[in-house]
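Participant: Mind looking over this structure? Questions follow.
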Amino acid sequence: MSGGDGGVMVVPLPGGVHRFVGVTADDLRPGRPGELTMEELRAKVARVLGTDFGMHDPRWLSRFGNAARQAEQYRRGRIVLAGDAAHMHFPAGGVGLNVGVQDAANLGWKLAATVRGAAPDGLLGTYHAERHPVGAELLRHTRAQTALMTAISDDGQALRSLLGSLLDEVPELSRTLAERLAALDVRYAPAGPAHSLAGTRAPDLPLAGGGTLYGLMHAGRHVLLDLTAEDASGAEGPGLPYADRDPGLPYADRDPGLPHADRHRVRLADPAGAWAGVRAALVRPDGHVAWASEESTSPPAQTWA
């Protein structure tokens, strides 16, 4: 609940306890006013909600501020930053958790390939190039949310009300904001001309006959989707050519030109949107599409990111 005196959120937790989080007008000032006391908390909750609910016996009292900042570099030599070590922000909706986990997913497979000596030159350097812009966008979003959460003036309340109405009335806006806050809209820019799927996050595509794309990714390797199992007439096609392998050999799930990828000849249960018409796609271990094509061809040898 929020109003001209501030805002308070109450979250019930197991064991009959509740978490109170809030802000009042006198909290919006520079400097730290000292440790929070139970008396101050009760007074502020009563000011905003009209009652302190008889709260007593606090298990934990704390203040927090907005220490939003981001590291200039995510990697320097053998030192790599991810999650809260790379970006800090006002706690708003758990978006930092999403971005931190995605930092780790992006870094993990690249670091593993580098340690094994299998990674091409520059692969580890793409971690900063891909994730630093995502961290910057995270700070932009959370700063905007902070401004709305602490907008307790009459003008601020009017802005919150207007945006709330728009989210309710315009589903496309609500979906766009949700995808941005969840970081599901992240697209890593391809190095050159590429299919519209390149760099986007692949959804958990259902496969004909059962199973899904994510079920093929449990090994933590790249997945090359060979989607030529049936052509338009329903007949079996010849399968994708290999990036670097004798075409006269039987179909195999490994290609010497793509030793880091497992080939899976499958059909999508319901190809739609940008996936309609796709004949082949290379999906990275972090779930982003490294390469895609609507032709029956394989990615260039040694395609990683």
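Quick note on naming: the chains in the structure tokens go A, B, ... in the order shown, residues restart at 1 in each chain, and ligands are numbered from 1 in order of appearance.
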Considering only C-alpha atoms, return as a list in words whatever protein or nucleic-acid residues lie within 8 Å of His264 (chain A), sequence-local ones (same chain, fewer than 5 positions apart) excluded.
Facilitator: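 Surrounding residues, per the criterion: Val223, Leu224, Leu225, Asp226 and Asp253 of chain A.
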Participant: Which residues come within 7 Å of Lys110 (chain A), counting only C-alpha atoms, excluding same-chain residues fewer than 4 positions away, as an NGL selection string?
Facilitator: :A and (114 or 123-124)
Participant: So that I have them on file, write out the residues from the current selection with all heavy atoms, as a compact mmCIF listing (two decimals), in the first residue's frame.
Facilitator:
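Listed below is the output, out_37.txt:
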```txt
# COMPACT_ATOMS: atom_id res chain seq x y z
N THR A 114 37.59 -22.53 -22.17
CA THR A 114 38.92 -21.92 -22.13
C THR A 114 39.88 -22.75 -21.28
O THR A 114 41.03 -22.98 -21.66
CB THR A 114 38.82 -20.48 -21.58
OG1 THR A 114 37.96 -19.71 -22.42
CG2 THR A 114 40.19 -19.82 -21.52
N LEU A 123 37.01 -15.98 -27.19
CA LEU A 123 35.70 -16.41 -26.70
C LEU A 123 35.42 -15.86 -25.30
O LEU A 123 34.34 -15.33 -25.04
CB LEU A 123 35.60 -17.93 -26.68
CG LEU A 123 34.26 -18.49 -26.16
CD1 LEU A 123 33.12 -18.10 -27.10
CD2 LEU A 123 34.32 -20.01 -26.02
N LEU A 124 36.40 -15.95 -24.40
CA LEU A 124 36.19 -15.47 -23.04
C LEU A 124 35.97 -13.96 -23.02
O LEU A 124 35.23 -13.44 -22.18
CB LEU A 124 37.37 -15.85 -22.15
CG LEU A 124 37.18 -15.69 -20.64
CD1 LEU A 124 35.95 -16.46 -20.16
CD2 LEU A 124 38.41 -16.14 -19.88
```
Participant: Using only C-alpha atoms, which of A:Ala280, A:Ala269, A:Tyr214, A:Pro120 sits nearest Trp304 (chain A)?
Facilitator: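 Ranked by minimum distance to Trp304 (chain A), first place goes to A:Pro120.
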Participant: Skip Arg279 (chain A) itself and residues of its chain fewer than 2 positions away, then list as an MDAnalysis selection string all residues within 10 Å of it, counting only C-alpha atoms.
Facilitator: chainID A and resid 225:229 231 239:240 267 275:277 281 292:298
Participant: Would you mind exporting all heavy atoms of the selected residues as a short mmCIF file (atom, residue, chain, number, x, y, z; two decimals), in the first residue's frame?
Facilitator:
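Result file out20.cif:
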```cif
data_model
loop_
_atom_site.label_atom_id
_atom_site.label_comp_id
_atom_site.auth_asym_id
_atom_site.auth_seq_id
_atom_site.Cartn_x
_atom_site.Cartn_y
_atom_site.Cartn_z
N LEU A 225 20.42 -28.25 -33.72
CA LEU A 225 19.12 -28.80 -34.10
C LEU A 225 19.06 -29.01 -35.60
O LEU A 225 19.13 -28.04 -36.38
CB LEU A 225 18.01 -27.84 -33.67
CG LEU A 225 17.81 -27.64 -32.16
CD1 LEU A 225 16.74 -26.58 -31.92
CD2 LEU A 225 17.43 -28.95 -31.48
N ASP A 226 18.97 -30.25 -36.01
CA ASP A 226 18.75 -30.61 -37.41
C ASP A 226 17.25 -30.78 -37.57
O ASP A 226 16.68 -31.80 -37.16
CB ASP A 226 19.51 -31.90 -37.73
CG ASP A 226 19.32 -32.34 -39.18
OD1 ASP A 226 18.42 -31.81 -39.86
OD2 ASP A 226 20.07 -33.24 -39.62
N LEU A 227 16.61 -29.79 -38.17
CA LEU A 227 15.15 -29.78 -38.28
C LEU A 227 14.69 -30.22 -39.66
O LEU A 227 13.61 -29.85 -40.12
CB LEU A 227 14.62 -28.38 -37.95
CG LEU A 227 15.02 -27.85 -36.57
CD1 LEU A 227 14.52 -26.41 -36.38
CD2 LEU A 227 14.48 -28.75 -35.47
N THR A 228 15.51 -31.04 -40.34
CA THR A 228 15.17 -31.49 -41.69
C THR A 228 14.58 -32.89 -41.69
O THR A 228 14.51 -33.54 -42.73
CB THR A 228 16.43 -31.50 -42.57
OG1 THR A 228 17.37 -32.47 -42.06
CG2 THR A 228 17.09 -30.13 -42.59
N ALA A 229 14.14 -33.37 -40.52
CA ALA A 229 13.65 -34.75 -40.44
C ALA A 229 12.49 -35.02 -41.38
O ALA A 229 12.33 -36.13 -41.85
CB ALA A 229 13.22 -35.06 -39.00
N ASP A 231 10.44 -33.14 -44.86
CA ASP A 231 10.28 -31.98 -45.73
C ASP A 231 8.80 -31.69 -45.91
O ASP A 231 7.95 -32.28 -45.25
CB ASP A 231 10.98 -32.20 -47.07
CG ASP A 231 10.45 -33.43 -47.81
OD1 ASP A 231 9.29 -33.85 -47.54
OD2 ASP A 231 11.18 -33.97 -48.65
N GLY A 239 19.07 -34.90 -44.27
CA GLY A 239 19.75 -34.41 -43.08
C GLY A 239 20.72 -33.30 -43.43
O GLY A 239 21.06 -33.07 -44.60
N LEU A 240 21.15 -32.60 -42.42
CA LEU A 240 22.07 -31.49 -42.64
C LEU A 240 23.43 -32.00 -43.10
O LEU A 240 23.90 -33.04 -42.65
CB LEU A 240 22.27 -30.69 -41.34
CG LEU A 240 21.10 -29.87 -40.82
CD1 LEU A 240 21.51 -29.21 -39.50
CD2 LEU A 240 20.67 -28.83 -41.82
N ARG A 267 12.03 -32.78 -34.96
CA ARG A 267 11.04 -31.86 -35.52
C ARG A 267 10.41 -31.07 -34.39
O ARG A 267 10.18 -31.61 -33.30
CB ARG A 267 9.95 -32.61 -36.30
CG ARG A 267 10.40 -33.20 -37.61
CD ARG A 267 9.22 -33.77 -38.41
NE ARG A 267 8.55 -34.84 -37.71
CZ ARG A 267 7.31 -34.79 -37.25
NH1 ARG A 267 6.59 -33.68 -37.41
NH2 ARG A 267 6.77 -35.82 -36.63
N TRP A 275 10.64 -19.05 -35.48
CA TRP A 275 11.11 -20.43 -35.66
C TRP A 275 10.42 -21.13 -36.83
O TRP A 275 10.87 -22.20 -37.26
CB TRP A 275 10.89 -21.23 -34.38
CG TRP A 275 11.87 -20.88 -33.32
CD1 TRP A 275 11.75 -19.92 -32.36
CD2 TRP A 275 13.17 -21.47 -33.12
NE1 TRP A 275 12.87 -19.86 -31.57
CE2 TRP A 275 13.76 -20.80 -32.01
CE3 TRP A 275 13.87 -22.49 -33.76
CZ2 TRP A 275 15.03 -21.14 -31.54
CZ3 TRP A 275 15.13 -22.83 -33.29
CH2 TRP A 275 15.70 -22.15 -32.20
N ALA A 276 9.34 -20.56 -37.35
CA ALA A 276 8.67 -21.16 -38.50
C ALA A 276 9.60 -21.09 -39.70
O ALA A 276 10.10 -20.03 -40.06
CB ALA A 276 7.36 -20.43 -38.78
N GLY A 277 9.85 -22.21 -40.33
CA GLY A 277 10.71 -22.24 -41.50
C GLY A 277 12.17 -22.48 -41.20
O GLY A 277 12.97 -22.69 -42.12
N ALA A 281 19.53 -24.89 -36.37
CA ALA A 281 19.89 -23.86 -35.38
C ALA A 281 20.93 -24.43 -34.43
O ALA A 281 20.85 -25.60 -34.04
CB ALA A 281 18.65 -23.41 -34.61
N ALA A 292 21.42 -19.67 -36.88
CA ALA A 292 20.19 -20.30 -37.37
C ALA A 292 20.08 -20.07 -38.87
O ALA A 292 20.64 -19.11 -39.41
CB ALA A 292 18.95 -19.74 -36.66
N SER A 293 19.36 -20.97 -39.52
CA SER A 293 19.20 -20.84 -40.96
C SER A 293 17.89 -21.47 -41.40
O SER A 293 17.42 -22.44 -40.79
CB SER A 293 20.37 -21.53 -41.70
OG SER A 293 20.17 -21.49 -43.10
N GLU A 294 17.32 -20.93 -42.46
CA GLU A 294 16.13 -21.50 -43.08
C GLU A 294 16.50 -22.34 -44.29
O GLU A 294 15.62 -22.78 -45.03
CB GLU A 294 15.14 -20.38 -43.44
CG GLU A 294 14.64 -19.64 -42.22
CD GLU A 294 13.61 -18.56 -42.53
OE1 GLU A 294 13.09 -18.55 -43.66
OE2 GLU A 294 13.36 -17.73 -41.63
N GLU A 295 17.79 -22.57 -44.47
CA GLU A 295 18.30 -23.46 -45.50
C GLU A 295 18.78 -24.75 -44.84
O GLU A 295 19.11 -24.77 -43.65
CB GLU A 295 19.46 -22.80 -46.25
CG GLU A 295 19.13 -21.46 -46.86
CD GLU A 295 18.12 -21.55 -48.00
OE1 GLU A 295 18.08 -22.62 -48.64
OE2 GLU A 295 17.39 -20.59 -48.23
N SER A 296 18.85 -25.82 -45.62
CA SER A 296 19.33 -27.09 -45.10
C SER A 296 20.85 -27.10 -45.13
O SER A 296 21.49 -27.77 -45.95
CB SER A 296 18.77 -28.26 -45.91
OG SER A 296 17.37 -28.32 -45.77
N THR A 297 21.43 -26.32 -44.25
CA THR A 297 22.88 -26.18 -44.19
C THR A 297 23.35 -26.19 -42.74
O THR A 297 22.54 -25.98 -41.83
CB THR A 297 23.32 -24.89 -44.88
OG1 THR A 297 24.74 -24.81 -44.90
CG2 THR A 297 22.78 -23.67 -44.14
N SER A 298 24.61 -26.43 -42.52
CA SER A 298 25.18 -26.43 -41.17
C SER A 298 25.91 -25.12 -40.92
O SER A 298 26.33 -24.43 -41.86
CB SER A 298 26.15 -27.60 -41.01
OG SER A 298 25.46 -28.83 -40.99
#
```
Participant: Between A:Phe64, A:Arg131, A:Ala113, A:Ala147, which residue has the minimum interatomic distance to Gly83 (chain A), considering only C-alpha atoms?
Facilitator: A:Arg131
Participant: Neighbouring residues of region 197-209 of chain A were defined as those with any atom within 7 Å, considering only C-alpha atoms; residues of the same chain fewer than 6 positions away were excluded. Please report them as a compact mmCIF listing (two decimals) with N, CA, C and O atoms, in the first residue's frame.
Facilitator:
```
# COMPACT_ATOMS: atom_id res chain seq x y z
N LEU A 184 14.49 -11.74 -20.28
CA LEU A 184 14.21 -12.72 -21.32
C LEU A 184 14.27 -12.11 -22.72
O LEU A 184 14.23 -12.82 -23.71
N VAL A 186 16.84 -10.35 -23.79
CA VAL A 186 18.24 -10.09 -24.11
C VAL A 186 18.61 -10.73 -25.44
O VAL A 186 18.34 -11.91 -25.68
N ARG A 187 19.22 -9.92 -26.31
CA ARG A 187 19.75 -10.45 -27.58
C ARG A 187 21.18 -9.98 -27.73
O ARG A 187 21.47 -8.79 -27.69
N TYR A 188 22.08 -10.93 -27.87
CA TYR A 188 23.48 -10.60 -28.08
C TYR A 188 23.69 -10.30 -29.56
O TYR A 188 23.35 -11.11 -30.42
N ALA A 189 24.25 -9.14 -29.86
CA ALA A 189 24.38 -8.70 -31.25
C ALA A 189 25.31 -9.62 -32.03
O ALA A 189 26.46 -9.84 -31.61
N PRO A 190 24.86 -10.17 -33.15
CA PRO A 190 25.73 -11.00 -33.99
C PRO A 190 26.88 -10.17 -34.56
O PRO A 190 26.78 -8.94 -34.70
N VAL A 266 15.53 -33.66 -35.13
CA VAL A 266 14.22 -33.63 -34.51
C VAL A 266 13.28 -32.77 -35.33
O VAL A 266 13.69 -32.11 -36.29
N ARG A 267 12.03 -32.78 -34.96
CA ARG A 267 11.04 -31.86 -35.52
C ARG A 267 10.41 -31.07 -34.39
O ARG A 267 10.18 -31.61 -33.30
N LEU A 268 10.13 -29.81 -34.63
CA LEU A 268 9.42 -29.00 -33.65
C LEU A 268 7.94 -29.35 -33.70
O LEU A 268 7.36 -29.52 -34.77
N ALA A 269 7.33 -29.46 -32.53
CA ALA A 269 5.92 -29.83 -32.48
C ALA A 269 5.03 -28.75 -33.08
O ALA A 269 4.04 -29.05 -33.74
N ALA A 274 9.39 -16.64 -35.28
CA ALA A 274 10.67 -16.65 -35.98
C ALA A 274 11.19 -18.05 -36.22
O ALA A 274 12.08 -18.26 -37.06
N GLY A 287 21.57 -21.19 -23.58
CA GLY A 287 20.22 -21.07 -24.13
C GLY A 287 20.05 -20.04 -25.21
O GLY A 287 18.95 -19.89 -25.74
N HIS A 288 21.10 -19.32 -25.58
CA HIS A 288 21.00 -18.33 -26.65
C HIS A 288 21.39 -18.96 -27.98
O HIS A 288 22.23 -19.87 -28.04
N VAL A 289 20.77 -18.48 -29.04
CA VAL A 289 20.99 -19.03 -30.37
C VAL A 289 22.28 -18.46 -30.94
O VAL A 289 22.42 -17.24 -31.08
N ALA A 290 23.22 -19.33 -31.26
CA ALA A 290 24.49 -18.89 -31.86
C ALA A 290 24.35 -18.68 -33.36
O ALA A 290 25.02 -17.82 -33.93
N TRP A 291 23.48 -19.47 -33.97
CA TRP A 291 23.34 -19.45 -35.43
C TRP A 291 22.04 -20.13 -35.80
O TRP A 291 21.59 -21.06 -35.12
N ALA A 292 21.42 -19.67 -36.88
CA ALA A 292 20.19 -20.30 -37.37
C ALA A 292 20.08 -20.07 -38.87
O ALA A 292 20.64 -19.11 -39.41
```
Participant: List as a list in words the protein and nucleic acid residues near Trp60 (chain A), meaning an atom at most 12 Å away when only C-alpha atoms are counted, but skip any in the same chain fewer than 2 places from it.
Facilitator: Val17, His18, Arg19, Phe20, Val21, Glu35, Leu36, Thr37, Met38, Leu41, His56, Asp57, Pro58, Ser62 and Arg63 of chain A
Participant: Next, the residues of the selection above should be written as an mmCIF file, in the first residue's frame with C-alpha atoms.
Facilitator:
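For reference, again_21.cif as written:
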```
data_model
loop_
_atom_site.group_PDB
_atom_site.id
_atom_site.type_symbol
_atom_site.label_atom_id
_atom_site.label_comp_id
_atom_site.auth_asym_id
_atom_site.auth_seq_id
_atom_site.Cartn_x
_atom_site.Cartn_y
_atom_site.Cartn_z
ATOM 1 C CA VAL A 17 6.031 -13.908 11.075
ATOM 2 C CA HIS A 18 5.721 -11.095 8.533
ATOM 3 C CA ARG A 19 8.254 -9.048 6.633
ATOM 4 C CA PHE A 20 7.618 -5.303 6.481
ATOM 5 C CA VAL A 21 9.423 -3.261 3.825
ATOM 6 C CA GLU A 35 20.230 1.900 13.217
ATOM 7 C CA LEU A 36 16.530 1.208 12.795
ATOM 8 C CA THR A 37 14.631 0.683 16.038
ATOM 9 C CA MET A 38 11.392 -1.165 16.669
ATOM 10 C CA LEU A 41 9.364 0.996 12.524
ATOM 11 C CA HIS A 56 6.577 -7.130 18.428
ATOM 12 C CA ASP A 57 9.709 -9.237 18.962
ATOM 13 C CA PRO A 58 11.569 -8.366 15.741
ATOM 14 C CA SER A 62 17.720 -3.103 8.862
ATOM 15 C CA ARG A 63 17.893 -0.039 6.636
#
```
Participant: Could you jot down the CA of Asp84 (chain A) to CA of Glu130 (chain A) separation for me, Å, one decimal place?
Facilitator: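 Taking CA of Asp84 (chain A) as the start and CA of Glu130 (chain A) as the end point, the length is 16.7 Å.
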Participant: If you run DSSP over the backbone, which residues in region 94-268 of chain A end up helix (DSSP H, G or I)? Put them as an MDAnalysis selection string.
Facilitator: chainID A and resid 95:116 126:149 154:169 171:181 213:217
Participant: Which residues are close to region 156-165 of chain A, i.e. within 12 Å by only C-alpha atoms, leaving aside same-chain residues fewer than 6 positions away? Reply as a PDB file with N, CA and C atoms, in the first residue's frame.
Facilitator:
```
ATOM      1  N   MET A   1       0.850  -1.190   0.000  1.00  0.00           N
ATOM      2  CA  MET A   1       0.000   0.000   0.000  1.00  0.00           C
ATOM      3  C   MET A   1       0.880   1.232   0.000  1.00  0.00           C
ATOM      4  N   SER A   2       0.495   2.261  -0.790  1.00  0.00           N
ATOM      5  CA  SER A   2       1.277   3.485  -0.820  1.00  0.00           C
ATOM      6  C   SER A   2       0.348   4.684  -0.857  1.00  0.00           C
ATOM      7  N   GLY A   3       0.887   5.806  -0.450  1.00  0.00           N
ATOM      8  CA  GLY A   3       0.121   7.047  -0.440  1.00  0.00           C
ATOM      9  C   GLY A   3       1.040   8.216  -0.154  1.00  0.00           C
ATOM     10  N   GLY A   4       0.458   9.324   0.223  1.00  0.00           N
ATOM     11  CA  GLY A   4       1.235  10.525   0.457  1.00  0.00           C
ATOM     12  C   GLY A   4       2.190  10.450   1.627  1.00  0.00           C
ATOM     13  N   ASP A   5       1.966   9.505   2.542  1.00  0.00           N
ATOM     14  CA  ASP A   5       2.857   9.352   3.691  1.00  0.00           C
ATOM     15  C   ASP A   5       3.967   8.337   3.448  1.00  0.00           C
ATOM     16  N   GLY A   6       3.895   7.627   2.346  1.00  0.00           N
ATOM     17  CA  GLY A   6       4.906   6.630   2.040  1.00  0.00           C
ATOM     18  C   GLY A   6       4.281   5.350   1.531  1.00  0.00           C
ATOM     19  N   GLY A   7       5.048   4.277   1.551  1.00  0.00           N
ATOM     20  CA  GLY A   7       4.555   2.983   1.091  1.00  0.00           C
ATOM     21  C   GLY A   7       5.084   1.871   1.964  1.00  0.00           C
ATOM     22  N   ALA A 144      14.609   3.359 -12.459  1.00  0.00           N
ATOM     23  CA  ALA A 144      13.258   3.809 -12.795  1.00  0.00           C
ATOM     24  C   ALA A 144      12.254   3.265 -11.778  1.00  0.00           C
ATOM     25  N   GLN A 145      12.408   2.001 -11.384  1.00  0.00           N
ATOM     26  CA  GLN A 145      11.510   1.430 -10.378  1.00  0.00           C
ATOM     27  C   GLN A 145      11.666   2.140  -9.033  1.00  0.00           C
ATOM     28  N   THR A 146      12.914   2.481  -8.694  1.00  0.00           N
ATOM     29  CA  THR A 146      13.156   3.193  -7.435  1.00  0.00           C
ATOM     30  C   THR A 146      12.440   4.533  -7.428  1.00  0.00           C
ATOM     31  N   ALA A 147      12.508   5.229  -8.564  1.00  0.00           N
ATOM     32  CA  ALA A 147      11.829   6.522  -8.666  1.00  0.00           C
ATOM     33  C   ALA A 147      10.330   6.362  -8.460  1.00  0.00           C
ATOM     34  N   LEU A 148       9.750   5.296  -9.010  1.00  0.00           N
ATOM     35  CA  LEU A 148       8.309   5.062  -8.843  1.00  0.00           C
ATOM     36  C   LEU A 148       7.970   4.616  -7.418  1.00  0.00           C
ATOM     37  N   MET A 149       8.816   3.764  -6.848  1.00  0.00           N
ATOM     38  CA  MET A 149       8.553   3.253  -5.505  1.00  0.00           C
ATOM     39  C   MET A 149       8.631   4.353  -4.450  1.00  0.00           C
ATOM     40  N   THR A 150       9.465   5.354  -4.705  1.00  0.00           N
ATOM     41  CA  THR A 150       9.639   6.434  -3.728  1.00  0.00           C
ATOM     42  C   THR A 150       8.889   7.701  -4.144  1.00  0.00           C
ATOM     43  N   PRO A 171      -1.887  -4.937 -22.811  1.00  0.00           N
ATOM     44  CA  PRO A 171      -1.160  -6.185 -22.540  1.00  0.00           C
ATOM     45  C   PRO A 171       0.236  -6.215 -23.150  1.00  0.00           C
ATOM     46  N   LEU A 173       2.341  -3.777 -23.507  1.00  0.00           N
ATOM     47  CA  LEU A 173       3.247  -3.036 -22.636  1.00  0.00           C
ATOM     48  C   LEU A 173       3.611  -3.864 -21.412  1.00  0.00           C
ATOM     49  N   SER A 174       2.622  -4.507 -20.833  1.00  0.00           N
ATOM     50  CA  SER A 174       2.865  -5.353 -19.660  1.00  0.00           C
ATOM     51  C   SER A 174       3.830  -6.480 -19.995  1.00  0.00           C
ATOM     52  N   LEU A 177       7.472  -5.097 -20.572  1.00  0.00           N
ATOM     53  CA  LEU A 177       8.142  -4.790 -19.314  1.00  0.00           C
ATOM     54  C   LEU A 177       8.515  -6.058 -18.560  1.00  0.00           C
TER      55      LEU A 177
END
```
Participant: Write out as a list in words the residues lying within 12 Å of His218 (chain A), counting only C-alpha atoms and excluding same-chain residues fewer than 6 positions away.
Facilitator: Thr212, Asp262, Arg284, Pro285, Asp286 and Gly287 of chain A
Participant: For the residues in the current selection, export all heavy atoms as an mmCIF file, in the first residue's frame.
Facilitator:
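Output file result05.cif is given in full below:
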```cif
data_model
loop_
_atom_site.group_PDB
_atom_site.id
_atom_site.type_symbol
_atom_site.label_atom_id
_atom_site.label_comp_id
_atom_site.auth_asym_id
_atom_site.auth_seq_id
_atom_site.Cartn_x
_atom_site.Cartn_y
_atom_site.Cartn_z
ATOM 1 N N THR A 212 11.442 -31.712 -24.989
ATOM 2 C CA THR A 212 11.599 -30.303 -25.331
ATOM 3 C C THR A 212 13.065 -29.995 -25.593
ATOM 4 O O THR A 212 13.957 -30.809 -25.315
ATOM 5 C CB THR A 212 11.108 -29.386 -24.185
ATOM 6 O OG1 THR A 212 11.967 -29.543 -23.044
ATOM 7 C CG2 THR A 212 9.669 -29.702 -23.797
ATOM 8 N N ASP A 262 26.371 -31.216 -29.908
ATOM 9 C CA ASP A 262 25.656 -32.476 -30.122
ATOM 10 C C ASP A 262 24.568 -32.242 -31.154
ATOM 11 O O ASP A 262 23.756 -31.322 -31.015
ATOM 12 C CB ASP A 262 25.023 -32.968 -28.817
ATOM 13 C CG ASP A 262 26.056 -33.341 -27.772
ATOM 14 O OD1 ASP A 262 27.154 -33.770 -28.160
ATOM 15 O OD2 ASP A 262 25.754 -33.202 -26.569
ATOM 16 N N ARG A 284 23.514 -22.320 -27.851
ATOM 17 C CA ARG A 284 24.611 -22.335 -26.908
ATOM 18 C C ARG A 284 24.191 -22.972 -25.578
ATOM 19 O O ARG A 284 22.991 -23.083 -25.296
ATOM 20 C CB ARG A 284 25.104 -20.906 -26.651
ATOM 21 C CG ARG A 284 25.419 -20.140 -27.898
ATOM 22 C CD ARG A 284 25.910 -18.740 -27.751
ATOM 23 N NE ARG A 284 25.688 -18.039 -26.499
ATOM 24 C CZ ARG A 284 26.146 -16.816 -26.259
ATOM 25 N NH1 ARG A 284 26.846 -16.178 -27.192
ATOM 26 N NH2 ARG A 284 25.909 -16.223 -25.111
ATOM 27 N N PRO A 285 25.158 -23.349 -24.743
ATOM 28 C CA PRO A 285 24.797 -23.931 -23.436
ATOM 29 C C PRO A 285 24.000 -22.993 -22.540
ATOM 30 O O PRO A 285 23.288 -23.460 -21.642
ATOM 31 C CB PRO A 285 26.162 -24.252 -22.811
ATOM 32 C CG PRO A 285 27.070 -24.453 -23.983
ATOM 33 C CD PRO A 285 26.598 -23.471 -25.012
ATOM 34 N N ASP A 286 24.098 -21.665 -22.759
ATOM 35 C CA ASP A 286 23.318 -20.726 -21.941
ATOM 36 C C ASP A 286 21.945 -20.451 -22.522
ATOM 37 O O ASP A 286 21.209 -19.597 -22.019
ATOM 38 C CB ASP A 286 24.080 -19.417 -21.743
ATOM 39 C CG ASP A 286 24.404 -18.705 -23.052
ATOM 40 O OD1 ASP A 286 23.971 -19.178 -24.126
ATOM 41 O OD2 ASP A 286 25.097 -17.664 -23.009
ATOM 42 N N GLY A 287 21.568 -21.186 -23.580
ATOM 43 C CA GLY A 287 20.224 -21.074 -24.132
ATOM 44 C C GLY A 287 20.053 -20.038 -25.215
ATOM 45 O O GLY A 287 18.950 -19.887 -25.745
#
```
